file target-v5.txt (compact mmCIF, C-alpha atoms)
# COMPACT_ATOMS: atom_id res chain seq x y z
CA MET P 174 -95.46 -19.20 166.17
CA LYS P 175 -95.30 -22.71 167.65
CA LEU P 176 -91.87 -24.38 167.49
CA ASN P 177 -90.88 -27.98 168.07
CA PRO P 178 -88.25 -28.76 170.76
CA PHE P 179 -85.41 -28.75 168.21
CA GLU P 180 -86.24 -25.37 166.66
CA ARG P 181 -85.15 -21.84 167.50
CA ILE P 182 -85.70 -18.39 165.99
CA ASP P 183 -82.58 -16.43 165.04
CA ASP P 184 -82.32 -12.76 164.07
CA LEU P 185 -80.86 -12.14 160.59
CA LEU P 186 -79.99 -8.58 161.68
CA THR P 187 -81.26 -7.21 158.36
CA ASP P 188 -84.60 -5.49 157.68
CA GLY P 189 -86.09 -7.07 160.80
CA LEU P 190 -85.85 -10.54 159.26
CA LYS P 191 -85.91 -13.63 161.45
CA ILE P 192 -85.32 -17.28 160.64
CA ILE P 193 -86.43 -20.55 162.21
CA GLN P 194 -83.69 -23.17 162.35
CA ASN P 195 -83.65 -26.79 163.49
CA LYS P 196 -80.55 -27.78 165.45
CA LYS P 197 -80.83 -31.35 164.14
CA GLU P 198 -80.57 -30.10 160.57
CA PHE P 199 -77.98 -27.97 158.75
CA CYS P 200 -78.09 -24.34 159.92
CA PHE P 201 -77.06 -21.52 157.61
CA SER P 202 -73.66 -19.91 158.02
CA LEU P 203 -71.66 -16.95 156.71
CA ASP P 204 -71.25 -18.37 153.20
CA ALA P 205 -74.97 -17.96 152.47
CA VAL P 206 -74.89 -14.34 153.64
CA LEU P 207 -71.81 -13.59 151.52
CA LEU P 208 -73.44 -15.11 148.43
CA ALA P 209 -76.62 -13.08 148.91
CA HIS P 210 -74.54 -9.88 148.91
CA PHE P 211 -72.28 -10.99 146.06
CA VAL P 212 -74.83 -11.75 143.33
CA HIS P 213 -75.94 -8.83 141.15
CA VAL P 214 -79.71 -8.38 141.23
CA ARG P 215 -82.23 -6.06 139.59
CA ARG P 216 -85.53 -4.89 140.99
CA ASN P 217 -87.62 -6.78 138.41
CA ASP P 218 -85.61 -10.01 138.54
CA SER P 219 -87.02 -13.47 139.10
CA GLY P 220 -84.40 -15.52 140.96
CA LEU P 221 -83.90 -19.20 141.72
CA ASP P 222 -82.04 -20.65 144.71
CA LEU P 223 -80.86 -24.23 144.20
CA GLY P 224 -80.71 -26.08 147.51
CA THR P 225 -82.13 -23.30 149.64
CA GLY P 226 -81.95 -25.05 153.01
CA THR P 227 -84.00 -22.99 155.47
CA GLY P 228 -84.38 -20.23 152.88
CA VAL P 229 -81.93 -17.63 154.15
CA ILE P 230 -80.79 -16.41 150.70
CA PRO P 231 -84.37 -15.83 149.41
CA LEU P 232 -85.16 -13.98 152.64
CA LEU P 233 -82.17 -11.66 152.18
CA LEU P 234 -82.86 -11.05 148.48
CA ALA P 235 -86.66 -10.84 148.42
CA LYS P 236 -86.76 -7.11 149.16
CA HIS P 237 -84.45 -6.39 146.22
CA VAL P 238 -86.12 -8.49 143.47
CA ARG P 239 -89.57 -9.20 142.06
CA GLU P 240 -89.73 -12.83 143.21
CA MET P 241 -87.63 -15.75 144.44
CA HIS P 242 -88.09 -19.45 143.75
CA ALA P 243 -86.38 -21.85 146.14
CA ILE P 244 -85.74 -25.59 145.68
CA GLU P 245 -84.84 -27.89 148.58
CA ILE P 246 -84.67 -31.70 148.57
CA ASN P 247 -84.79 -32.11 152.37
CA ALA P 248 -88.45 -32.15 153.43
CA VAL P 249 -87.71 -30.83 156.94
CA THR P 250 -85.71 -27.81 155.80
CA ALA P 251 -88.04 -27.14 152.85
CA ASP P 252 -90.89 -26.86 155.37
CA LEU P 253 -88.75 -24.48 157.45
CA ALA P 254 -88.08 -22.37 154.35
CA ARG P 255 -91.83 -22.06 153.71
CA ARG P 256 -92.51 -21.16 157.32
CA ASN P 257 -89.68 -18.62 157.29
CA ALA P 258 -91.18 -16.91 154.25
CA GLU P 259 -94.58 -16.80 155.96
CA MET P 260 -93.19 -15.60 159.30
CA ASN P 261 -91.48 -12.68 157.56
CA GLY P 262 -94.54 -11.75 155.47
CA LEU P 263 -92.83 -12.85 152.24
CA ALA P 264 -94.95 -15.83 151.21
CA LYS P 265 -96.16 -13.96 148.11
CA LYS P 266 -92.59 -13.22 146.96
CA ILE P 267 -90.87 -16.50 147.88
CA VAL P 268 -92.06 -19.76 146.34
CA VAL P 269 -90.56 -22.83 148.02
CA ARG P 270 -90.70 -26.30 146.46
CA GLN P 271 -89.54 -29.50 148.09
CA ALA P 272 -87.89 -31.24 145.15
CA ASP P 273 -84.66 -32.53 143.60
CA TYR P 274 -83.10 -29.93 141.31
CA ARG P 275 -81.44 -32.68 139.31
CA HIS P 276 -84.95 -33.10 137.84
CA LEU P 277 -85.61 -29.39 137.51
CA HIS P 278 -87.04 -29.82 134.00
CA GLU P 279 -90.00 -31.72 135.46
CA PHE P 280 -91.40 -28.77 137.40
CA TYR P 281 -89.58 -25.55 136.42
CA PRO P 282 -89.70 -23.96 132.95
CA ALA P 283 -86.43 -23.66 131.03
CA GLN P 284 -84.87 -20.20 130.71
CA SER P 285 -87.18 -18.68 133.33
CA ALA P 286 -84.70 -17.22 135.81
CA ASP P 287 -82.90 -13.89 135.54
CA PHE P 288 -80.38 -15.18 138.06
CA VAL P 289 -79.61 -18.42 139.88
CA VAL P 290 -77.75 -18.76 143.18
CA ALA P 291 -76.35 -21.89 144.78
CA ASN P 292 -74.56 -22.71 148.01
CA PRO P 293 -74.09 -26.39 147.15
CA PRO P 294 -72.48 -29.25 149.07
CA TYR P 295 -68.76 -28.53 149.03
CA ARG P 296 -67.15 -31.95 149.31
CA PRO P 297 -67.31 -35.10 147.18
CA ILE P 298 -68.70 -38.05 149.11
CA ALA P 299 -65.28 -39.77 149.19
CA HIS P 300 -63.70 -36.87 151.10
CA GLY P 301 -64.12 -35.98 154.78
CA ASP P 302 -66.19 -37.58 157.49
CA VAL P 303 -69.87 -37.61 156.62
CA ASN P 304 -71.92 -36.28 159.52
CA LYS P 305 -74.24 -38.88 161.01
CA ILE P 306 -77.16 -36.44 160.83
CA ASP P 307 -78.62 -37.00 157.36
CA GLY P 308 -79.67 -33.38 156.76
CA VAL P 309 -76.25 -32.07 157.68
CA ALA P 310 -74.52 -34.72 155.58
CA MET P 311 -76.57 -33.81 152.50
CA ALA P 312 -75.76 -30.12 152.96
CA ARG P 313 -72.00 -30.67 153.27
CA HIS P 314 -71.28 -33.62 150.95
CA GLU P 315 -72.31 -34.41 147.38
CA ILE P 316 -74.71 -37.16 148.39
CA THR P 317 -77.74 -36.01 146.41
CA ALA P 318 -76.16 -33.64 143.87
CA SER P 319 -72.70 -33.08 142.42
CA LEU P 320 -70.99 -29.90 141.25
CA GLU P 321 -71.86 -30.95 137.70
CA ASP P 322 -75.53 -31.32 138.69
CA VAL P 323 -75.81 -27.83 140.17
CA VAL P 324 -74.19 -26.08 137.20
CA MET P 325 -76.34 -28.03 134.72
CA ALA P 326 -79.48 -27.09 136.66
CA ALA P 327 -78.45 -23.44 136.69
CA ARG P 328 -77.86 -23.41 132.93
CA TYR P 329 -81.24 -25.02 132.28
CA ALA P 330 -83.03 -22.39 134.37
CA LEU P 331 -81.20 -19.27 133.18
CA LYS P 332 -82.39 -16.89 130.53
CA PHE P 333 -79.87 -15.86 127.88
CA HIS P 334 -77.37 -13.59 129.65
CA GLY P 335 -78.82 -14.58 133.01
CA ARG P 336 -76.43 -14.66 135.96
CA PHE P 337 -75.27 -17.65 137.98
CA ALA P 338 -73.55 -17.03 141.32
CA MET P 339 -72.13 -19.65 143.63
CA VAL P 340 -70.04 -19.96 146.78
CA HIS P 341 -67.65 -22.90 147.05
CA LEU P 342 -64.18 -24.04 148.11
CA PRO P 343 -61.10 -22.46 146.48
CA GLU P 344 -59.59 -25.93 146.02
CA ARG P 345 -62.40 -26.78 143.60
CA LEU P 346 -62.17 -23.64 141.49
CA ALA P 347 -60.65 -25.47 138.52
CA GLU P 348 -63.56 -27.95 138.52
CA ILE P 349 -66.05 -25.09 138.78
CA MET P 350 -64.50 -23.33 135.78
CA VAL P 351 -64.63 -26.55 133.74
CA GLU P 352 -68.29 -27.19 134.54
CA MET P 353 -69.27 -23.60 133.81
CA ASP P 354 -67.46 -23.74 130.46
CA LYS P 355 -69.20 -27.04 129.57
CA ASN P 356 -72.54 -25.32 130.19
CA SER P 357 -71.72 -22.07 128.36
CA ILE P 358 -71.68 -20.01 131.55
CA ILE P 359 -68.81 -17.56 131.23
CA PRO P 360 -67.16 -16.51 134.51
CA LYS P 361 -67.21 -12.73 134.88
CA LYS P 362 -66.59 -12.04 138.56
CA LEU P 363 -64.46 -13.81 141.16
CA ARG P 364 -63.70 -13.05 144.79
CA PHE P 365 -61.81 -15.03 147.40
CA VAL P 366 -62.83 -14.92 151.06
CA GLN P 367 -60.22 -14.98 153.84
CA PRO P 368 -61.02 -15.50 157.55
CA LYS P 369 -58.26 -12.98 158.44
CA ARG P 370 -55.73 -11.03 156.40
CA GLU P 371 -52.87 -13.47 157.09
CA LYS P 372 -55.00 -16.57 156.45
CA LYS P 373 -55.43 -18.38 153.15
CA PRO P 374 -58.84 -18.12 151.42
CA ASN P 375 -61.38 -20.65 152.65
CA MET P 376 -64.20 -19.71 150.28
CA VAL P 377 -64.56 -18.44 146.73
CA LEU P 378 -67.48 -16.47 145.25
CA ILE P 379 -67.97 -16.72 141.50
CA GLU P 380 -70.54 -15.28 139.08
CA GLY P 381 -70.95 -16.08 135.41
CA ILE P 382 -73.18 -15.08 132.49
CA ALA P 383 -75.15 -17.67 130.51
CA GLY P 384 -74.12 -17.36 126.88
CA GLY P 385 -71.80 -14.48 127.68
CA ALA P 386 -68.85 -13.40 125.58
CA LYS P 387 -65.54 -15.09 126.36
CA GLY P 388 -63.11 -13.23 128.59
CA GLY P 389 -63.65 -10.23 130.83
CA LEU P 390 -63.21 -12.01 134.16
CA LYS P 391 -62.82 -9.48 136.98
CA VAL P 392 -61.03 -10.67 140.12
CA ASP P 393 -61.96 -8.48 143.07
CA THR P 394 -59.78 -7.82 146.08
CA PRO P 395 -60.16 -10.56 148.71
CA LEU P 396 -62.95 -10.20 151.20
CA VAL P 397 -61.37 -10.40 154.66
CA VAL P 398 -63.95 -11.37 157.27
CA HIS P 399 -62.29 -10.59 160.61
CA ASN P 400 -59.98 -7.99 162.04
CA ASP P 401 -56.96 -9.18 164.01
CA ASP P 402 -58.98 -8.95 167.23
CA GLY P 403 -61.68 -11.24 165.83
CA SER P 404 -64.29 -8.53 165.21
CA TYR P 405 -65.98 -8.20 161.82
CA LYS P 406 -64.45 -5.99 159.15
CA ASP P 407 -66.53 -2.95 158.16
CA GLU P 408 -67.75 -4.60 154.98
CA LEU P 409 -69.17 -7.50 156.97
CA LEU P 410 -70.74 -5.11 159.45
CA ARG P 411 -72.62 -3.52 156.54
CA TYR P 412 -74.00 -6.96 155.66
CA TYR P 413 -75.39 -7.59 159.13
CA TYR P 414 -76.00 -4.03 160.32
CA PRO P 415 -77.12 -1.85 157.38
CA ASP P 416 -76.85 1.34 159.43
CA ALA P 417 -73.27 0.65 160.52
CA ALA P 418 -69.95 1.43 158.85
CA GLY P 419 -71.21 3.55 156.00
CA GLY P 420 -74.59 2.10 155.14
CA THR P 421 -75.98 -0.96 153.40
CA HIS P 422 -74.15 -3.08 150.82
CA TRP P 423 -76.17 -4.80 148.11
CA GLN P 424 -74.88 -5.76 144.68
CA LYS P 425 -77.31 -4.22 142.21
CA SER P 426 -76.72 -3.70 138.52
CA ASP P 427 -78.75 -2.75 135.50
CA ASN P 428 -75.80 -3.36 133.20
CA ALA P 429 -74.14 -6.64 134.11
CA SER P 430 -71.17 -7.53 131.92
CA ASN P 431 -71.92 -9.95 129.10
call {"tool": "encode", "arguments": {"input": "target-v5.txt", "output": "C-alpha cells"}}
result
Amino acid sequence: MKLNPFERIDDLLTDGLKIIQNKKEFCFSLDAVLLAHFVHVRRNDSGLDLGTGTGVIPLLLAKHVREMHAIEINAVTADLARRNAEMNGLAKKIVVRQADYRHLHEFYPAQSADFVVANPPYRPIAHGDVNKIDGVAMARHEITASLEDVVMAARYALKFHGRFAMVHLPERLAEIMVEMDKNSIIPKKLRFVQPKREKKPNMVLIEGIAGGAKGGLKVDTPLVVHNDDGSYKDELLRYYYPDAAGGTHWQKSDNASN
C-alpha cells in the first residue's frame, strides 16, 4: 500500500490488525484500546463509533460484532479510517462516513445502533493550550463538538436498551452523569483508570443503557495500567497480546443490565 511521507503503518498487536496513521494528525492512544475492551458487545450487534479518528475502535470490535459504522468530521482521518478497514479486509463490516455527528439525523436512522462508543475531545475550548495542528486540536478540545453534543448523538442513534460507552476525564464525571440523565441514558458500569497503583485516576470508562431502569450502577475495581517497573499489568497484556497472561479479554454479554 502506498503511503504519503507523513504516514506510517503500526501493528495493533491483535488478530494481525494493522493501522495507518498520519503523524501530522491525531494518533490513537491507550484510551481507545481501553474503550474497545470495556464496552459490552454481542455477536449480532450493529455498533456506531462517534468521532472514530483513524478507525482503531471499529478495527478492534469488527471481529466481535455484525457491523460497525464510524463517523469522523476530519476528512484526512476519515480517509485513513476507510483505508484501514480496506487494508485489514474489513471494508464490508466497517462503514466509514466523513461527517459531523452533531447532524447525525441527516444521514443516520434514529434508534439503529445496538451500541454506541465515543472517545470524544476531553477539554472545553477555554481550557489548556490548543495544539496548532488542526486535526490534533479537534481531537483534544471541544472545537467541533461538546460533551452535550456527543451524548445527544448517542441517544438519537441508540435502540431502546442500547448501550453507550465512553472514555473521558475523571474531573468531568459529574458533567457526564448530568448529560446522560438529560438524555435518559442510565449509567450502569463505571471504571477508573490509573497509570500506576499509587497514582490518581487519569481516565474514566462509563457505560449506560438507553431507557434503562434507574439505579444499579456497578463500580468496578480500578484498572491499573503499569506495574511499578513501568511494564504493563497482566490485564493490559491480554488487550495487546491475546495469547499472554491467561488469554484474550473481550467484554461480551447477552444479558446486559437494564
call {"tool": "atom_distance", "arguments": {"input": "target-v5.txt", "atom1": "CA of Asn356 (chain P)", "atom2": "CA of Ser319 (chain P)"}}
result
14.5 Å
call {"tool": "residues_around", "arguments": {"input": "target-v5.txt", "residues": "Ile358 (chain P)", "least_positions_apart": "6", "cutoff": "12 Å", "atoms": "all atoms listed in the file", "output": "mmCIF file with C-alpha atoms, in the frame of the given file"}}
result
data_model
loop_
_atom_site.group_PDB
_atom_site.id
_atom_site.type_symbol
_atom_site.label_atom_id
_atom_site.label_comp_id
_atom_site.auth_asym_id
_atom_site.auth_seq_id
_atom_site.Cartn_x
_atom_site.Cartn_y
_atom_site.Cartn_z
ATOM 1 C CA PHE P 288 -80.380 -15.180 138.060
ATOM 2 C CA VAL P 289 -79.610 -18.420 139.880
ATOM 3 C CA VAL P 324 -74.190 -26.080 137.200
ATOM 4 C CA MET P 325 -76.340 -28.030 134.720
ATOM 5 C CA ALA P 326 -79.480 -27.090 136.660
ATOM 6 C CA ALA P 327 -78.450 -23.440 136.690
ATOM 7 C CA ARG P 328 -77.860 -23.410 132.930
ATOM 8 C CA TYR P 329 -81.240 -25.020 132.280
ATOM 9 C CA ALA P 330 -83.030 -22.390 134.370
ATOM 10 C CA LEU P 331 -81.200 -19.270 133.180
ATOM 11 C CA LYS P 332 -82.390 -16.890 130.530
ATOM 12 C CA PHE P 333 -79.870 -15.860 127.880
ATOM 13 C CA HIS P 334 -77.370 -13.590 129.650
ATOM 14 C CA GLY P 335 -78.820 -14.580 133.010
ATOM 15 C CA ARG P 336 -76.430 -14.660 135.960
ATOM 16 C CA PHE P 337 -75.270 -17.650 137.980
ATOM 17 C CA ALA P 338 -73.550 -17.030 141.320
ATOM 18 C CA ILE P 349 -66.050 -25.090 138.780
ATOM 19 C CA MET P 350 -64.500 -23.330 135.780
ATOM 20 C CA VAL P 351 -64.630 -26.550 133.740
ATOM 21 C CA GLU P 352 -68.290 -27.190 134.540
ATOM 22 C CA ILE P 379 -67.970 -16.720 141.500
ATOM 23 C CA GLU P 380 -70.540 -15.280 139.080
ATOM 24 C CA GLY P 381 -70.950 -16.080 135.410
ATOM 25 C CA ILE P 382 -73.180 -15.080 132.490
ATOM 26 C CA ALA P 383 -75.150 -17.670 130.510
ATOM 27 C CA GLY P 384 -74.120 -17.360 126.880
ATOM 28 C CA GLY P 385 -71.800 -14.480 127.680
ATOM 29 C CA ALA P 386 -68.850 -13.400 125.580
ATOM 30 C CA LYS P 387 -65.540 -15.090 126.360
ATOM 31 C CA GLY P 388 -63.110 -13.230 128.590
ATOM 32 C CA LEU P 390 -63.210 -12.010 134.160
ATOM 33 C CA ASN P 431 -71.920 -9.950 129.100
#
call {"tool": "closest_residue", "arguments": {"input": "target-v5.txt", "among": "P:Ala347, P:Val214, P:Ile182, P:Leu203", "to": "Asn375 (chain P)", "atoms": "all atoms listed in the file"}}
result
P:Leu203
call {"tool": "closest_residue", "arguments": {"input": "target-v5.txt", "among": "P:Pro293, P:Leu263, P:His242, P:Asp183", "to": "Tyr281 (chain P)", "atoms": "all atoms listed in the file"}}
result
P:His242
call {"tool": "residues_around", "arguments": {"input": "target-v5.txt", "residues": "region 221-228 of chain P", "least_positions_apart": "3", "cutoff": "7 Å", "atoms": "all atoms listed in the file", "output": "list in words"}}
result
Gln194, Pro231, Leu232, Met241, His242, Ala243, Ile244, Glu245, Ile246, Thr250, Ala251, Leu253, Ala254, Tyr274, Ala286, Phe288, Val289, Val290, Ala291 and Pro293 of chain P
call {"tool": "atom_distance", "arguments": {"input": "target-v5.txt", "atom1": "CA of Val206 (chain P)", "atom2": "CA of His237 (chain P)"}}
result
14.5 Å
call {"tool": "atom_distance", "arguments": {"input": "target-v5.txt", "atom1": "CA of Asp393 (chain P)", "atom2": "CA of Arg364 (chain P)"}}
result
5.2 Å
call {"tool": "residues_around", "arguments": {"input": "target-v5.txt", "residues": "Val340 (chain P)", "least_positions_apart": "4", "cutoff": "7 Å", "atoms": "all atoms listed in the file", "output": "ChimeraX atom specification"}}
result
/P:204,208,291-292,376-379
call {"tool": "closest_residue", "arguments": {"input": "target-v5.txt", "among": "P:Leu233, P:Asp287, P:Ala248, P:Leu190", "to": "Gly262 (chain P)", "atoms": "only C-alpha atoms"}}
result
P:Leu190
call {"tool": "closest_residue", "arguments": {"input": "target-v5.txt", "among": "P:Asn217, P:Leu342, P:Leu176, P:Asn261", "to": "Asp188 (chain P)", "atoms": "all atoms listed in the file"}}
result
P:Asn261
call {"tool": "closest_residue", "arguments": {"input": "target-v5.txt", "among": "P:Ile230, P:Val398, P:Val269, P:Leu346", "to": "Ile192 (chain P)", "atoms": "all atoms listed in the file"}}
result
P:Ile230
call {"tool": "closest_residue", "arguments": {"input": "target-v5.txt", "among": "P:Leu207, P:Leu320, P:Ile193, P:Leu363", "to": "Met260 (chain P)", "atoms": "all atoms listed in the file"}}
result
P:Ile193
